[in-house]
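Asks: I'm passing along coords.cif; it holds mmCIF, C-alpha atoms.
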```cif
data_structure
loop_
_atom_site.label_atom_id
_atom_site.label_comp_id
_atom_site.auth_asym_id
_atom_site.auth_seq_id
_atom_site.Cartn_x
_atom_site.Cartn_y
_atom_site.Cartn_z
CA MET G 151 149.39 13.83 156.17
CA LYS G 152 148.42 17.51 156.43
CA ARG G 153 148.80 18.66 160.06
CA SER G 154 148.37 22.44 159.81
CA PHE G 155 145.05 24.18 160.25
CA ALA G 156 146.22 27.16 158.21
CA MET G 157 148.95 28.06 155.78
CA VAL G 158 149.97 31.69 156.20
CA SER G 159 151.83 33.62 153.51
CA VAL G 160 154.18 36.15 155.10
CA LEU G 161 154.64 39.06 152.70
CA SER G 162 157.08 41.02 154.88
CA MET G 163 160.78 40.17 155.14
CA LEU G 164 161.95 38.99 158.55
CA LEU G 165 164.84 41.17 159.63
CA MET G 166 166.53 38.72 161.92
CA ALA G 167 165.54 35.99 164.32
CA LEU G 168 168.30 34.65 166.45
CA PRO G 169 168.75 31.91 171.17
CA ALA G 170 169.07 33.88 173.10
CA PHE G 171 169.95 31.83 176.46
CA ALA G 172 170.01 34.14 177.75
CA ASN G 173 169.78 31.31 178.25
CA GLY G 174 168.11 34.99 177.79
CA LYS G 175 169.72 34.78 176.89
CA LYS G 176 167.55 33.44 175.08
CA ASP G 177 164.00 32.32 175.25
CA ASP G 178 163.34 30.86 171.81
CA VAL G 179 165.19 29.09 169.02
CA LEU G 180 167.08 31.45 166.75
CA VAL G 181 167.29 31.11 163.01
CA ASP G 182 170.75 30.03 161.88
CA SER G 183 172.79 32.36 159.74
CA GLU G 184 173.54 31.41 156.15
CA VAL G 185 177.19 30.79 157.01
CA GLN G 186 178.01 27.11 157.42
CA PRO G 187 181.33 25.44 158.24
CA THR G 188 183.32 24.07 155.33
CA GLU G 189 184.94 21.57 157.65
CA GLU G 190 184.41 20.69 161.28
CA ASN G 191 185.29 23.48 163.72
CA THR G 192 187.01 25.69 161.17
CA PRO G 193 187.14 29.30 162.49
CA ALA G 194 185.01 31.54 160.31
CA GLU G 195 186.54 34.38 158.33
CA THR G 196 184.70 37.68 158.29
CA GLU G 197 181.53 37.13 156.31
CA GLU G 198 180.74 39.33 153.30
CA ILE G 199 177.11 40.41 153.40
CA THR G 200 175.28 42.38 150.74
CA MET G 201 173.20 44.76 152.83
CA LYS G 202 169.46 44.87 152.16
CA TYR G 203 169.06 48.33 153.73
CA PHE G 204 170.99 51.58 153.89
CA HIS G 205 173.76 50.64 156.29
CA ASP G 206 174.80 53.61 158.43
CA LEU G 207 178.34 53.24 159.75
CA PRO G 208 179.85 55.01 162.75
CA THR G 209 182.32 57.84 162.49
CA GLY G 210 185.30 58.64 164.67
CA ASP G 211 187.65 56.30 166.47
CA SER G 212 187.21 52.68 167.48
CA VAL G 213 186.41 51.93 171.12
CA GLU G 214 188.88 50.33 173.53
CA PHE G 215 188.15 47.98 176.42
CA HIS G 216 190.35 46.19 178.92
CA GLU G 217 188.43 42.90 178.68
CA VAL G 218 186.15 41.56 175.95
CA TRP G 219 184.21 38.38 176.69
CA GLY G 220 182.58 36.42 173.88
CA TYR G 221 180.20 33.45 174.03
CA VAL G 222 180.61 30.61 171.53
CA MET G 223 178.08 27.79 171.30
CA LEU G 224 178.87 24.09 171.29
CA ASP G 225 178.74 22.77 167.71
CA ARG G 226 179.07 26.31 166.33
CA GLU G 227 182.76 26.72 167.08
CA TYR G 228 183.42 27.61 163.45
CA GLU G 229 181.72 30.99 164.03
CA PHE G 230 184.64 32.09 166.19
CA ASN G 231 187.85 33.50 164.74
CA ALA G 232 190.94 33.60 166.96
CA LYS G 233 191.79 36.97 165.41
CA MET G 234 188.76 38.58 167.04
CA PRO G 235 189.68 41.03 169.84
CA VAL G 236 188.41 38.72 172.59
CA THR G 237 190.29 38.28 175.87
CA ASP G 238 187.91 35.72 177.39
CA LEU G 239 186.10 32.98 175.48
CA CYS G 240 183.01 31.50 177.15
CA TYR G 241 182.21 28.02 175.83
CA PHE G 242 178.45 27.46 176.01
CA SER G 243 177.65 25.06 177.53
CA ALA G 244 177.94 22.13 179.90
CA ASP G 245 174.28 21.54 180.70
CA ILE G 246 173.00 19.70 183.77
CA ASN G 247 170.59 16.95 182.72
CA CYS G 248 167.45 15.60 184.40
CA TYR G 249 169.53 13.13 186.44
CA GLY G 250 171.57 15.90 188.00
CA GLU G 251 174.62 15.07 185.92
CA ILE G 252 176.78 16.83 183.35
CA ASP G 253 177.05 14.24 180.63
CA THR G 254 179.00 16.37 178.14
CA ILE G 255 181.95 18.62 178.91
CA PRO G 256 182.88 20.64 175.80
CA LYS G 257 186.57 20.30 174.94
CA ALA G 258 188.63 23.43 175.30
CA SER G 259 191.10 21.94 172.80
CA LYS G 260 188.69 22.87 169.99
CA PHE G 261 190.07 26.39 170.34
CA LYS G 262 193.75 25.44 170.32
CA ASN G 263 194.65 28.47 168.15
CA TYR G 264 193.09 30.90 170.63
CA LYS G 265 195.58 32.34 173.14
CA GLY G 266 193.18 34.06 175.56
CA ARG G 267 191.42 32.72 178.64
CA LYS G 268 188.81 29.98 178.20
CA HIS G 269 185.82 29.60 180.51
CA LEU G 270 183.41 26.67 180.67
CA VAL G 271 179.80 27.88 180.99
CA VAL G 272 177.48 25.68 183.07
CA THR G 273 173.71 25.85 182.58
CA CYS G 274 170.62 24.41 184.26
CA GLU G 275 167.53 24.78 182.12
CA SER G 276 164.46 24.49 184.34
CA ARG G 277 163.25 25.78 187.69
CA SER G 278 162.50 22.34 189.14
CA LEU G 279 165.84 20.93 187.98
CA THR G 280 167.70 23.91 189.47
CA HIS G 281 165.99 23.26 192.81
CA PHE G 282 167.00 19.60 192.58
CA VAL G 283 170.61 20.62 191.92
CA LEU G 284 170.87 23.31 194.61
CA ASP G 285 168.96 21.89 197.57
CA PRO G 286 171.54 19.96 199.64
CA GLN G 287 169.04 17.30 200.73
CA TYR G 288 169.43 15.65 197.28
CA GLY G 289 173.22 15.52 197.33
CA VAL G 290 173.47 16.68 193.72
CA SER G 291 175.32 19.96 194.29
CA LYS G 292 178.39 18.19 195.68
CA LYS G 293 178.59 15.92 192.63
CA ILE G 294 178.25 18.85 190.24
CA ILE G 295 180.94 20.81 192.09
CA GLU G 296 183.30 17.84 191.90
CA THR G 297 182.61 17.35 188.19
CA LEU G 298 183.31 21.02 187.48
CA GLY G 299 186.42 20.97 189.62
CA ASN G 300 187.80 18.14 187.50
CA ALA G 301 186.76 19.84 184.23
CA CYS G 302 188.54 23.00 185.28
CA SER G 303 191.92 21.37 184.61
CA SER G 304 191.60 22.23 180.91
CA TYR G 305 189.96 25.63 181.40
CA ASP G 306 190.98 28.92 182.99
CA GLY G 307 187.69 29.15 184.79
CA ILE G 308 184.06 28.15 185.30
CA GLN G 309 181.05 30.38 184.64
CA ILE G 310 177.67 29.69 186.24
CA ASP G 311 174.58 30.62 184.22
CA PHE G 312 171.57 29.49 186.27
CA GLU G 313 168.66 31.74 185.31
CA LEU G 314 165.70 29.82 186.77
CA ILE G 315 166.35 29.71 190.51
CA PRO G 316 163.32 29.33 192.83
CA LYS G 317 163.10 32.05 195.47
CA LYS G 318 163.40 29.54 198.31
CA ASP G 319 166.78 28.38 196.96
CA GLY G 320 168.58 31.72 197.26
CA ALA G 321 170.70 30.63 200.23
CA HIS G 322 171.42 27.27 198.57
CA PHE G 323 172.61 29.11 195.46
CA LEU G 324 175.10 31.12 197.50
CA SER G 325 176.30 27.92 199.20
CA PHE G 326 176.75 26.28 195.80
CA ILE G 327 178.85 29.17 194.50
CA SER G 328 180.88 29.21 197.71
CA GLY G 329 181.49 25.46 197.48
CA LEU G 330 182.59 25.73 193.87
CA ARG G 331 184.91 28.61 194.74
CA LYS G 332 186.55 26.47 197.40
CA ARG G 333 186.85 23.47 195.05
CA ILE G 334 188.54 25.26 192.15
CA GLY G 335 190.66 27.56 194.32
CA ASN G 336 191.77 31.09 193.59
CA GLU G 337 194.07 30.03 190.74
CA LYS G 338 191.05 29.45 188.51
CA TRP G 339 188.43 32.06 187.63
CA LEU G 340 184.88 31.75 188.93
CA THR G 341 182.42 33.98 187.08
CA ILE G 342 178.66 34.25 186.91
CA ALA G 343 176.05 35.56 184.47
CA LEU G 344 173.22 37.44 186.19
CA PRO G 345 169.99 39.02 184.92
CA ALA G 346 169.78 42.79 184.52
CA ARG G 347 168.61 44.94 187.43
CA ILE G 348 167.96 48.67 187.69
CA LYS G 349 167.53 48.67 191.48
CA THR G 350 167.97 46.43 194.49
CA LEU G 351 165.09 43.98 194.87
CA GLU G 352 163.92 42.54 198.17
CA ASN G 353 164.89 38.87 198.66
CA ASP G 354 166.48 38.72 195.21
CA VAL G 355 168.16 35.35 194.54
CA PHE G 356 170.46 37.23 192.15
CA ASP G 357 171.52 39.85 194.71
CA TYR G 358 174.65 41.42 193.21
CA ALA G 359 176.08 42.50 196.56
CA LYS G 360 175.82 39.02 198.11
CA ILE G 361 177.26 37.22 195.10
CA GLU G 362 180.12 39.63 194.31
CA PRO G 363 182.52 38.54 197.11
CA LEU G 364 182.39 34.94 195.87
CA VAL G 365 183.29 35.49 192.22
CA ASP G 366 185.91 37.13 190.01
CA ARG G 367 183.55 38.69 187.47
CA ILE G 368 179.80 39.28 187.12
CA ILE G 369 178.44 39.40 183.58
CA ILE G 370 175.25 41.48 183.55
CA MET G 371 172.89 40.14 180.88
CA ALA G 372 171.65 43.54 179.67
CA TYR G 373 169.35 42.15 177.00
CA ASP G 374 165.86 40.69 176.52
CA GLU G 375 164.22 43.94 177.62
CA HIS G 376 161.65 42.77 175.08
CA TRP G 377 161.27 39.07 174.33
CA SER G 378 159.44 36.70 172.02
CA THR G 379 156.03 37.04 173.72
CA SER G 380 156.27 40.71 174.78
CA LYS G 381 155.19 43.70 172.76
CA PRO G 382 157.69 44.67 170.02
CA GLY G 383 160.70 46.65 171.15
CA ALA G 384 164.47 46.77 171.31
CA VAL G 385 166.27 43.73 172.69
CA ALA G 386 168.23 46.25 174.75
CA SER G 387 167.30 49.92 174.39
CA MET G 388 170.01 52.49 175.12
CA ASP G 389 168.25 54.21 178.02
CA TRP G 390 167.41 50.86 179.65
CA CYS G 391 171.05 49.76 179.39
CA GLU G 392 172.19 53.07 180.85
CA ARG G 393 170.00 52.54 183.92
CA ILE G 394 171.33 48.99 184.32
CA ALA G 395 174.94 50.18 184.11
CA ASP G 396 174.35 53.08 186.51
CA TYR G 397 172.84 50.74 189.10
CA ALA G 398 175.50 48.06 188.68
CA LYS G 399 178.25 50.63 189.25
CA THR G 400 176.77 51.48 192.65
CA VAL G 401 176.93 47.83 193.78
CA LEU G 402 179.89 46.22 192.02
CA PRO G 403 183.60 47.07 191.93
CA LYS G 404 184.78 48.28 188.53
CA LYS G 405 187.08 45.28 188.12
CA LYS G 406 184.24 42.77 188.51
CA LEU G 407 181.59 44.46 186.36
CA VAL G 408 181.17 43.08 182.82
CA MET G 409 178.28 44.51 180.77
CA GLY G 410 176.62 42.00 178.46
CA ILE G 411 175.72 43.18 174.94
CA PRO G 412 173.36 41.39 172.51
CA PHE G 413 174.33 40.60 168.94
CA TYR G 414 170.92 39.13 168.04
CA GLY G 415 167.65 40.64 166.87
CA ARG G 416 163.98 39.71 167.27
CA THR G 417 160.87 39.87 165.13
CA TRP G 418 157.19 40.01 166.02
CA GLN G 419 154.12 39.53 163.84
CA ASP G 420 150.77 41.15 164.44
CA GLU G 421 148.80 37.92 163.87
CA ASN G 422 149.83 34.33 164.59
CA TYR G 423 147.74 31.40 163.39
CA GLY G 424 150.25 28.73 164.39
CA LYS G 425 148.44 27.37 167.45
CA ALA G 426 145.78 24.92 168.67
CA TRP G 427 142.13 26.02 168.50
CA TYR G 428 138.70 25.49 170.00
CA PHE G 429 136.10 24.57 167.36
CA SER G 430 134.56 28.01 167.93
CA GLY G 431 137.92 29.62 167.19
CA ILE G 432 138.29 27.70 163.91
CA ASN G 433 134.80 28.73 162.92
CA ARG G 434 135.58 32.36 163.76
CA ILE G 435 138.81 32.64 161.74
CA LEU G 436 137.12 30.96 158.77
CA GLY G 437 134.54 33.73 158.77
CA GLU G 438 137.09 36.51 159.41
CA ASN G 439 139.13 35.39 156.42
CA ASN G 440 136.17 34.75 154.13
CA THR G 441 137.07 31.06 153.87
CA HIS G 442 133.92 29.03 153.20
CA THR G 443 135.36 25.95 151.51
CA VAL G 444 136.51 23.10 153.70
CA GLU G 445 137.91 19.91 152.20
CA ARG G 446 138.37 16.52 153.82
CA GLU G 447 141.31 14.18 154.06
CA ASN G 448 140.26 10.69 155.18
CA SER G 449 137.11 12.28 156.63
CA VAL G 450 139.05 14.95 158.57
CA PRO G 451 138.22 18.53 157.51
CA TYR G 452 141.00 21.00 156.62
CA PHE G 453 141.28 24.39 154.98
CA THR G 454 143.83 26.89 153.68
CA PHE G 455 143.86 30.64 153.28
CA THR G 456 146.45 33.30 152.51
CA LYS G 457 146.91 36.21 154.89
CA GLU G 458 149.09 39.29 154.81
CA ILE G 459 150.64 40.03 158.20
CA LYS G 460 152.75 42.84 159.60
CA VAL G 461 156.24 41.95 160.88
CA THR G 462 158.18 44.25 163.22
CA GLY G 463 161.86 43.62 163.91
CA TYR G 464 164.47 45.16 166.19
CA PHE G 465 168.16 44.32 165.85
CA ASP G 466 171.67 45.70 166.39
CA ASP G 467 174.10 46.58 163.64
CA THR G 468 177.57 48.12 163.73
CA PHE G 469 176.21 51.65 164.19
CA SER G 470 174.09 50.81 167.25
CA LEU G 471 176.72 48.49 168.71
CA VAL G 472 179.41 51.18 168.56
CA GLU G 473 177.00 53.68 170.13
CA ARG G 474 176.43 51.20 172.94
CA LEU G 475 180.18 50.67 173.42
CA ARG G 476 180.78 54.42 173.59
CA MET G 477 178.00 54.81 176.14
CA TYR G 478 179.61 52.21 178.40
CA ALA G 479 183.11 53.62 177.86
CA ASP G 480 181.85 57.08 178.84
CA LYS G 481 180.67 55.54 182.11
CA ASP G 482 184.18 54.22 182.76
CA ILE G 483 183.11 50.62 182.21
CA ASP G 484 185.96 48.76 180.55
CA ARG G 485 184.74 45.16 180.51
CA ILE G 486 182.07 43.91 178.10
CA ALA G 487 180.66 40.57 176.92
CA PHE G 488 178.86 39.58 173.72
CA TRP G 489 175.97 37.12 173.47
CA ARG G 490 176.85 35.60 171.14
CA ILE G 491 179.59 35.32 168.52
CA GLY G 492 178.23 34.40 165.10
CA GLN G 493 175.12 36.57 165.38
CA GLU G 494 176.85 39.91 164.83
CA ASP G 495 177.12 42.37 161.96
CA PRO G 496 180.55 41.30 160.61
CA SER G 497 181.69 44.88 160.01
CA PHE G 498 181.53 45.51 163.76
CA TRP G 499 184.87 43.99 164.75
CA THR G 500 187.03 46.72 163.21
CA TRP G 501 185.48 49.21 165.67
CA LEU G 502 186.60 47.33 168.79
CA LYS G 503 190.13 47.28 170.21
CA LEU G 504 191.82 45.98 173.35
CA LYS G 505 193.63 48.30 175.72
#
```
For the file at hand, write its structure as structure tokens.
Replies:
Amino acid sequence: MKRSFAMVSVLSMLLMALPAFANGKKDDVLVDSEVQPTEENTPAETEEITMKYFHDLPTGDSVEFHEVWGYVMLDREYEFNAKMPVTDLCYFSADINCYGEIDTIPKASKFKNYKGRKHLVVTCESRSLTHFVLDPQYGVSKKIIETLGNACSSYDGIQIDFELIPKKDGAHFLSFISGLRKRIGNEKWLTIALPARIKTLENDVFDYAKIEPLVDRIIIMAYDEHWSTSKPGAVASMDWCERIADYAKTVLPKKKLVMGIPFYGRTWQDENYGKAWYFSGINRILGENNTHTVERENSVPYFTFTKEIKVTGYFDDTFSLVERLRMYADKDIDRIAFWRIGQEDPSFWTWLKLK
């Protein structure tokens, strides 16, 4: 059965379309790369890509950092290579379901060849569910804390990535973090991913200063400056990232500040016909596209037309990534994190070293 109102022919090449969770990380489904695992959970070797554009490369020396954090997604473990200069691997994710339970804990043993620290990332994917988890009247937070405390036996730490917290649950969020800190003790790492800020906001549930004493590291998600439904623009422009870093340095100790860096790109098109329509809207686009023939399938009318659209894409390659690293290094920031491994320009890794 034909379900589409229109079939659109895109004549421009899409540059890249990749989740971002963020969770930002991450507001729409990303197109998978062409690389696929040859066997389950086999670490990927550096991919050879024939560039479709003139590929500027940096000059000068590689950039050194004290800590490099990298996110790897469940079921895409093969995109990680233990040879990558990564000190901290963030396994994404153990997600809280609609019953207030974590039904799947990813197994750290899938990275048995990796010698660095491993962190289990915990996510909660809706505002109402996050309220249900955090508000103590439901008794869910205690169960989640206990589950994570038990899971921590095979990990070096737990990372909280709750991005949809209702304003009224700010105090509950701090209590949850405090309770988890107490449960896992100081022997294990407790880290948190927080949205980007360029100034202190009143009654902010992600208040850096209030959260900092409770955790070992704060990963600032300095990406999604522009997103799938915004106007076209960089996922993380340089000047925007500079302002985020400058503010974070005024609030957080150097040791706890980790600047998040995007590996993914986004595309936008100037016209989108993939949606539901009023009858008046259907009639209008038929006229605008000079489409006057409508056929019927089992009495139901349908039509097709071909349309050229303009696609705009912003993405990061090795040149822009190294520029970003140098900008952070010049600000005396020596801890960075990448969302996420598998999305990057493969030639990038030779420009990054550990101190």
Asks: Evaluate the PyMOL selection byres ((chain G and resi 205) around 12) and record the selected residues as a ChimeraX atom specification, following the chain and residue labels used in the document.
Replies: /G:199-204,206-208,466-470,495,497-498
Asks: Output C-alpha atoms for every residue in that selection, as a PDB file, in the frame of the given file.
Replies:
```
ATOM      1  CA  ILE G 199     177.110  40.410 153.400  1.00  0.00           C
ATOM      2  CA  THR G 200     175.280  42.380 150.740  1.00  0.00           C
ATOM      3  CA  MET G 201     173.200  44.760 152.830  1.00  0.00           C
ATOM      4  CA  LYS G 202     169.460  44.870 152.160  1.00  0.00           C
ATOM      5  CA  TYR G 203     169.060  48.330 153.730  1.00  0.00           C
ATOM      6  CA  PHE G 204     170.990  51.580 153.890  1.00  0.00           C
ATOM      7  CA  ASP G 206     174.800  53.610 158.430  1.00  0.00           C
ATOM      8  CA  LEU G 207     178.340  53.240 159.750  1.00  0.00           C
ATOM      9  CA  PRO G 208     179.850  55.010 162.750  1.00  0.00           C
ATOM     10  CA  ASP G 466     171.670  45.700 166.390  1.00  0.00           C
ATOM     11  CA  ASP G 467     174.100  46.580 163.640  1.00  0.00           C
ATOM     12  CA  THR G 468     177.570  48.120 163.730  1.00  0.00           C
ATOM     13  CA  PHE G 469     176.210  51.650 164.190  1.00  0.00           C
ATOM     14  CA  SER G 470     174.090  50.810 167.250  1.00  0.00           C
ATOM     15  CA  ASP G 495     177.120  42.370 161.960  1.00  0.00           C
ATOM     16  CA  SER G 497     181.690  44.880 160.010  1.00  0.00           C
ATOM     17  CA  PHE G 498     181.530  45.510 163.760  1.00  0.00           C
TER      18      PHE G 498
END
```
Asks: What is the atom CA of Val271 of chain G to atom CA of Pro256 of chain G distance in Å?
Replies: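 Atom CA of Pro256 of chain G lies 9.4 Å from atom CA of Val271 of chain G.
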Asks: Tell me which of G:Asp306, G:Glu229, G:Asp319, G:Glu421 sits closest to Asn353 of chain G, counting only C-alpha atoms.
Replies: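 Of G:Asp306, G:Glu229, G:Asp319, G:Glu421, the one nearest Asn353 of chain G is G:Asp319, counting only C-alpha atoms.
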Asks: Residues around (183.3, 58.0, 168.6), cut-off 8 Å, counting all atoms listed in the file - what are they as a list in words?
Replies: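 In the file's frame, the residues around the point are Pro208, Thr209, Gly210, Asp211, Ser212, Val213, Val472, Glu473 and Arg476 of chain G.
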Asks: If the PyMOL selection byres ((chain G and resi 361) around 12) is run on the structure shown, which residues does it catch, given as a PyMOL selection string?
Replies: chain G and resi 310+320-321+323-328+331+340-344+354-360+362-369+401-402+406
Asks: Measure the distance from atom CA of Glu296 of chain G to atom CA of Pro316 of chain G in Å and round it to one decimal.
Replies: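 One can read the atom CA of Glu296 of chain G to atom CA of Pro316 of chain G distance as 23.1 Å.
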Asks: Take atom CA of Arg267 of chain G and atom CA of Gln309 of chain G and report the distance between them in Å, one decimal.
Replies: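 About the pair atom CA of Arg267 of chain G and atom CA of Gln309 of chain G: they are 12.2 Å apart.
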Asks: Please expand the PyMOL selection byres ((chain G and resi 408-410) around 10) into the concrete residues it hits in this file, giving the result as a VMD selection string.
Replies: chain G and resid 217 to 220 343 to 346 367 to 373 391 394 to 395 398 402 404 to 407 411 to 413 475 478 483 to 490
Asks: Emit the selected residues as a compact mmCIF listing (two decimals), in the frame of the given file, including C-alpha atoms.
Replies:
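part_23.txt was written with the following content:
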```
# COMPACT_ATOMS: atom_id res chain seq x y z
CA GLU G 217 188.43 42.90 178.68
CA VAL G 218 186.15 41.56 175.95
CA TRP G 219 184.21 38.38 176.69
CA GLY G 220 182.58 36.42 173.88
CA ALA G 343 176.05 35.56 184.47
CA LEU G 344 173.22 37.44 186.19
CA PRO G 345 169.99 39.02 184.92
CA ALA G 346 169.78 42.79 184.52
CA ARG G 367 183.55 38.69 187.47
CA ILE G 368 179.80 39.28 187.12
CA ILE G 369 178.44 39.40 183.58
CA ILE G 370 175.25 41.48 183.55
CA MET G 371 172.89 40.14 180.88
CA ALA G 372 171.65 43.54 179.67
CA TYR G 373 169.35 42.15 177.00
CA CYS G 391 171.05 49.76 179.39
CA ILE G 394 171.33 48.99 184.32
CA ALA G 395 174.94 50.18 184.11
CA ALA G 398 175.50 48.06 188.68
CA LEU G 402 179.89 46.22 192.02
CA LYS G 404 184.78 48.28 188.53
CA LYS G 405 187.08 45.28 188.12
CA LYS G 406 184.24 42.77 188.51
CA LEU G 407 181.59 44.46 186.36
CA ILE G 411 175.72 43.18 174.94
CA PRO G 412 173.36 41.39 172.51
CA PHE G 413 174.33 40.60 168.94
CA LEU G 475 180.18 50.67 173.42
CA TYR G 478 179.61 52.21 178.40
CA ILE G 483 183.11 50.62 182.21
CA ASP G 484 185.96 48.76 180.55
CA ARG G 485 184.74 45.16 180.51
CA ILE G 486 182.07 43.91 178.10
CA ALA G 487 180.66 40.57 176.92
CA PHE G 488 178.86 39.58 173.72
CA TRP G 489 175.97 37.12 173.47
CA ARG G 490 176.85 35.60 171.14
```
